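data_13.cif, holding mmCIF, C-alpha atoms:
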data_entry
loop_
_atom_site.group_PDB
_atom_site.id
_atom_site.type_symbol
_atom_site.label_atom_id
_atom_site.label_comp_id
_atom_site.auth_asym_id
_atom_site.auth_seq_id
_atom_site.Cartn_x
_atom_site.Cartn_y
_atom_site.Cartn_z
ATOM 1 C CA MET A 1 185.265 188.626 50.889
ATOM 2 C CA GLU A 2 184.379 185.049 50.056
ATOM 3 C CA GLN A 3 181.308 183.917 51.906
ATOM 4 C CA SER A 4 180.146 180.346 51.955
ATOM 5 C CA VAL A 5 176.417 180.558 51.655
ATOM 6 C CA LYS A 6 174.681 177.239 52.050
ATOM 7 C CA GLN A 7 171.579 177.254 49.908
ATOM 8 C CA VAL A 8 168.579 175.306 51.081
ATOM 9 C CA TRP A 9 166.890 173.166 48.456
ATOM 10 C CA ARG A 10 163.494 174.445 47.424
ATOM 11 C CA PRO A 11 160.804 172.631 45.451
ATOM 12 C CA PRO A 12 160.717 173.565 41.751
ATOM 13 C CA ARG A 13 157.280 175.106 42.287
ATOM 14 C CA ALA A 14 155.500 176.633 45.229
ATOM 15 C CA CYS A 15 153.215 174.206 47.065
ATOM 16 C CA GLU A 16 150.233 176.373 46.157
ATOM 17 C CA ASP A 17 151.045 175.760 42.476
ATOM 18 C CA TYR A 18 150.662 172.014 42.946
ATOM 19 C CA LEU A 19 147.341 172.560 44.713
ATOM 20 C CA SER A 20 146.199 174.924 41.974
ATOM 21 C CA GLU A 21 147.113 172.380 39.278
ATOM 22 C CA PHE A 22 145.228 169.698 41.195
ATOM 23 C CA ARG A 23 142.115 171.878 41.458
ATOM 24 C CA HIS A 24 142.333 172.712 37.759
ATOM 25 C CA CYS A 25 142.706 169.028 36.911
ATOM 26 C CA LYS A 26 139.596 168.164 38.947
ATOM 27 C CA SER A 27 137.512 171.000 37.482
ATOM 28 C CA LEU A 28 134.498 170.085 35.397
ATOM 29 C CA TRP A 29 135.717 172.079 32.395
ATOM 30 C CA HIS A 30 139.128 170.384 32.340
ATOM 31 C CA ARG A 31 137.616 166.917 32.802
ATOM 32 C CA PHE A 32 135.198 167.526 29.924
ATOM 33 C CA HIS A 33 137.958 168.913 27.694
ATOM 34 C CA HIS A 34 140.313 166.001 28.464
ATOM 35 C CA TYR A 35 137.560 163.454 27.844
ATOM 36 C CA TYR A 36 136.627 165.159 24.575
ATOM 37 C CA THR A 37 140.261 165.329 23.430
ATOM 38 C CA TYR A 38 141.677 161.993 24.609
ATOM 39 C CA GLY A 39 138.597 159.874 25.339
ATOM 40 C CA THR A 40 139.573 159.346 28.988
ATOM 41 C CA PHE A 41 139.284 161.304 32.188
ATOM 42 C CA PRO A 42 142.524 162.909 33.441
ATOM 43 C CA SER A 43 144.494 161.358 36.263
ATOM 44 C CA CYS A 44 145.024 164.043 38.879
ATOM 45 C CA HIS A 45 146.666 161.790 41.445
ATOM 46 C CA GLN A 46 150.210 162.976 40.723
ATOM 47 C CA TRP A 47 149.368 166.648 41.363
ATOM 48 C CA LYS A 48 147.824 165.720 44.711
ATOM 49 C CA GLU A 49 150.810 163.541 45.616
ATOM 50 C CA ASP A 50 153.201 166.355 44.669
ATOM 51 C CA TYR A 51 151.264 168.800 46.841
ATOM 52 C CA TYR A 52 151.474 166.481 49.851
ATOM 53 C CA ASN A 53 155.174 165.849 49.229
ATOM 54 C CA CYS A 54 155.803 169.587 49.009
ATOM 55 C CA LYS A 55 153.989 170.193 52.289
ATOM 56 C CA GLU A 56 155.907 167.305 53.865
ATOM 57 C CA TRP A 57 159.156 168.880 52.699
ATOM 58 C CA GLU A 58 158.222 172.290 54.084
ATOM 59 C CA ALA A 59 157.149 170.872 57.431
ATOM 60 C CA HIS A 60 159.761 168.178 58.106
ATOM 61 C CA ARG A 61 162.474 168.458 55.406
ATOM 62 C CA SER A 62 161.868 164.805 54.511
ATOM 63 C CA THR A 63 164.396 163.426 52.029
ATOM 64 C CA GLU A 64 161.778 160.990 50.661
ATOM 65 C CA ALA A 65 159.473 163.902 49.849
ATOM 66 C CA LYS A 66 162.349 165.791 48.238
ATOM 67 C CA GLU A 67 163.321 162.848 46.054
ATOM 68 C CA ALA A 68 159.698 162.176 45.116
ATOM 69 C CA LEU A 69 159.230 165.808 44.020
ATOM 70 C CA GLN A 70 162.434 165.792 42.008
ATOM 71 C CA GLN A 71 161.501 162.529 40.273
ATOM 72 C CA SER A 72 158.009 163.793 39.535
ATOM 73 C CA GLU A 73 159.354 166.938 37.899
ATOM 74 C CA ARG A 74 161.885 164.910 35.890
ATOM 75 C CA ASP A 75 159.101 162.622 34.685
ATOM 76 C CA ARG A 76 156.985 165.635 33.740
ATOM 77 C CA VAL A 77 159.835 167.126 31.682
ATOM 78 C CA GLU A 78 160.524 163.782 29.984
ATOM 79 C CA GLU A 79 156.830 163.450 29.122
ATOM 80 C CA GLN A 80 156.888 166.853 27.430
ATOM 81 C CA LYS A 81 159.964 165.903 25.399
ATOM 82 C CA LYS A 82 158.198 162.873 23.906
ATOM 83 C CA PHE A 83 155.947 164.916 21.656
ATOM 84 C CA THR A 84 157.213 165.891 18.232
ATOM 85 C CA PRO A 85 156.691 169.501 17.176
ATOM 86 C CA VAL A 86 153.815 170.187 14.805
ATOM 87 C CA TRP A 87 155.660 172.861 12.845
ATOM 88 C CA GLN A 88 159.012 172.471 11.173
ATOM 89 C CA LEU A 89 161.369 175.065 12.620
ATOM 90 C CA ARG A 90 163.237 177.328 10.224
ATOM 91 C CA CYS A 91 166.963 177.904 10.374
ATOM 92 C CA GLU A 92 166.731 181.221 8.553
ATOM 93 C CA PRO A 93 163.949 183.486 7.243
ATOM 94 C CA PRO A 94 162.627 183.206 3.671
ATOM 95 C CA ARG A 95 164.689 185.025 1.050
ATOM 96 C CA ASP A 96 161.882 187.463 0.203
ATOM 97 C CA TRP A 97 160.841 188.276 3.758
ATOM 98 C CA HIS A 98 161.461 192.003 3.289
ATOM 99 C CA MET A 99 159.224 192.320 0.189
ATOM 100 C CA PRO A 100 155.733 193.824 0.585
ATOM 101 C CA LEU A 101 152.867 191.361 0.625
ATOM 102 C CA ASN A 102 150.875 191.054 -2.562
ATOM 103 C CA GLN A 103 147.366 191.409 -1.212
ATOM 104 C CA GLU A 104 145.639 191.856 -4.567
ATOM 105 C CA LYS A 105 146.171 188.299 -5.799
ATOM 106 C CA PRO A 106 144.179 185.583 -4.057
ATOM 107 C CA GLN A 107 146.328 182.894 -2.505
ATOM 108 C CA ASP A 108 146.133 179.328 -3.747
ATOM 109 C CA SER A 109 144.213 177.159 -1.317
#

Starting from the file, give its structure as structure tokens.
Amino acid sequence: MEQSVKQVWRPPRACEDYLSEFRHCKSLWHRFHHYYTYGTFPSCHQWKEDYYNCKEWEAHRSTEAKEALQQSERDRVEEQKKFTPVWQLRCEPPRDWHMPLNQEKPQDS
């Protein structure tokens, strides 16, 4: 009953997702928003490179393209881990969470 199924490696995202992210990155709205938020225009080169590597992998099963995609995704995950959370996470709910809200008293600002 044991079958040895050899799984083929697949990119973490579909190639169309990389192209979609690249188009979003190049859009006027995103460029304006990024410039307004960070003071610089976004670098969309990595999305384009990932799209080409994904297509290269699909067409020729290139190990360089595979490794480049894997490294790019690892870098993206590491970049997301750098940011500290804005909110402090709770370990348990407040003691009076089940009590009705007192809507008659104004809250202190």

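In this comparison, which uses all atoms listed in the file, the residue of A:Glu58, A:Glu49, A:Glu79, A:Asp96 approaching Ala14 (chain A) most closely is A:Glu58.
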
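For region 37-45 of chain A, the set of protein, DNA and RNA residues having any atom at most 10 Å away, when counting all atoms listed in the file and skipping those fewer than 5 positions along the same chain, is Glu21, Phe22, Arg23, His24, Cys25, Lys26, His30, Arg31, Phe32, Asp50 and Tyr51 of chain A.
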
Two-atom distance - CA of Asp17 (chain A), CA of Trp47 (chain A) (Å):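 CA of Trp47 (chain A) lies 9.3 Å from CA of Asp17 (chain A).
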
Residues of region 7-47 of chain A at most 8 Å from region 69-72 of chain A: nearest atom pair and distance in Å, all atoms listed in the file, as CSV:
residue,atom,partner,partner_atom,distance
A:Pro11,CA,A:Leu69,CA,7.1
A:Pro12,CA,A:Gln70,CA,8.0
A:Gln46,CA,A:Ser72,CA,7.9

CA of Leu19 (chain A) to CA of Cys54 (chain A), distance in Å rounded to a single decimal: 9.9 Å

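One finds CA of Lys55 (chain A) at 12.2 Å from CA of Ala68 (chain A).
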
Option closest in space to Asn53 (chain A), from A:Cys15, A:Glu92, A:Glu104, A:Trp9 [counting only C-alpha atoms]: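 The shortest atom-to-atom distance to Asn53 (chain A) comes from A:Cys15.
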
Calculate, to one decimal in Å, the centre and edge lengths of the box along x, y and z of the file that holds all listed atoms of region 90-106 of chain A with 8 Å of margin on each side, and present them as JSON.
{"center_x": 155.6, "center_y": 185.6, "center_z": 2.3, "size_x": 38.8, "size_y": 32.5, "size_z": 32.2}

Nearest to Ser20 (chain A), chosen from A:Val86, A:Cys91, A:Gln103, A:Lys48, with all atoms listed in the file counted in the distances: A:Lys48
